[in-house]
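Novice: Provided herewith is a single structure, encoded as structure tokens, for subsequent inquiry.
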Amino acid sequence: MLISERMAKALSDHLTNEYWAAIQYTMISSYFSREALPQLAGLFRTQVTEELMHAQKIVDYVTEAGGTVEVPAIPQGDADFDSVEEAVQLALDAELRVAKAFDVLMDLAIEERDHLARGFLQWFVDEQLEEVSTMDDLLKVVRRAGDNLLYVEDYVATRPPPVVAPPA
């Protein structure tokens, strides 16, 4: 076995974050669809795909390293929001929590001198820079736009599409 039980459990526990984000982003996308904001809805549908890919990447790594994956219960997400800003703020807060969670996982890998896990986790640490900055930028644009949500839609429509890397 190339992975400790402790690391396998920590990564399995982290799946809660990835699956919850996929569920929450599905609900945010649905909210934006109800609000007739198709660009924002599409952006969050893409985020759903990314979060599910992240979860599968973790499952594959733990399994390949000889560990056992146990998916914990996934908390319910929020389905309705008072504003676009509230929905995007929730997404940013979620990405910041995930970034901190990957820091804790990396600390565990360092503590255990698990170089395979460190290499694996580095991709996620790097990925969180893009995830956090995307949501942070979006929140800034939403705040700047005020009531002119068509400005936000134009911003989302003209940004380069995110690169979704396939699971390794």
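By convention here, the chains of the structure tokens are called A, B, ... in the order presented, each chain's residues are numbered starting at 1, and ligands are numbered starting at 1 in the order presented.
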Please build the interface table for region 10-113 of chain A against region 129-140 of chain A with a cut-off of 12 Å, listing for each qualifying residue the nearest atom pair and the distance in Å to one decimal; count only C-alpha atoms, order rows by chain and increasing number, and write it as CSV.
Specialist:
residue,atom,partner,partner_atom,distance
A:Ala21,CA,A:Glu131,CA,11.8
A:Tyr25,CA,A:Met135,CA,11.9
A:Leu40,CA,A:Leu138,CA,9.8
A:Leu43,CA,A:Thr134,CA,10.5
A:Phe44,CA,A:Met135,CA,10.4
A:Thr46,CA,A:Glu131,CA,11.9
A:Gln47,CA,A:Glu131,CA,9.1
A:Glu50,CA,A:Glu131,CA,9.9
A:Glu51,CA,A:Glu131,CA,10.3
A:His54,CA,A:Glu131,CA,11.9
A:Ser83,CA,A:Leu139,CA,11.7
A:Val84,CA,A:Leu139,CA,9.0
A:Glu85,CA,A:Leu139,CA,6.6
A:Glu86,CA,A:Leu139,CA,9.1
A:Ala87,CA,A:Leu139,CA,9.3
A:Val88,CA,A:Leu139,CA,5.9
A:Gln89,CA,A:Leu139,CA,6.6
A:Leu90,CA,A:Met135,CA,9.5
A:Ala91,CA,A:Met135,CA,6.7
A:Leu92,CA,A:Met135,CA,5.1
A:Asp93,CA,A:Val132,CA,8.7
A:Ala94,CA,A:Val132,CA,8.9
A:Glu95,CA,A:Val132,CA,5.6
A:Leu96,CA,A:Val132,CA,6.4
A:Arg97,CA,A:Val132,CA,9.8
A:Val98,CA,A:Val132,CA,9.3
A:Ala99,CA,A:Val132,CA,8.0
A:Lys100,CA,A:Val132,CA,11.1
A:Phe102,CA,A:Leu129,CA,11.5
Novice: If DSSP is run on the backbone, what residues of chain A are helix (DSSP H, G or I)? A reply as an NGL selection string would be ideal.
Specialist: :A and (5-34 or 38-64 or 84-111 or 115-145 or 149-158)
Novice: Residues near region 59-73 of chain A, anyone? I mean within 12 Å using only C-alpha atoms, not counting same-chain ones fewer than 6 positions away, as a PyMOL selection string.
Specialist: chain A and resi 1-20+52-53+114+116-121+167-168
Novice: Using only C-alpha atoms, pick whichever of A:Ile58, A:Val104, A:Val142, A:Leu149 has the shortest atom-to-atom distance to Ala36 (chain A).
Specialist: A:Leu149
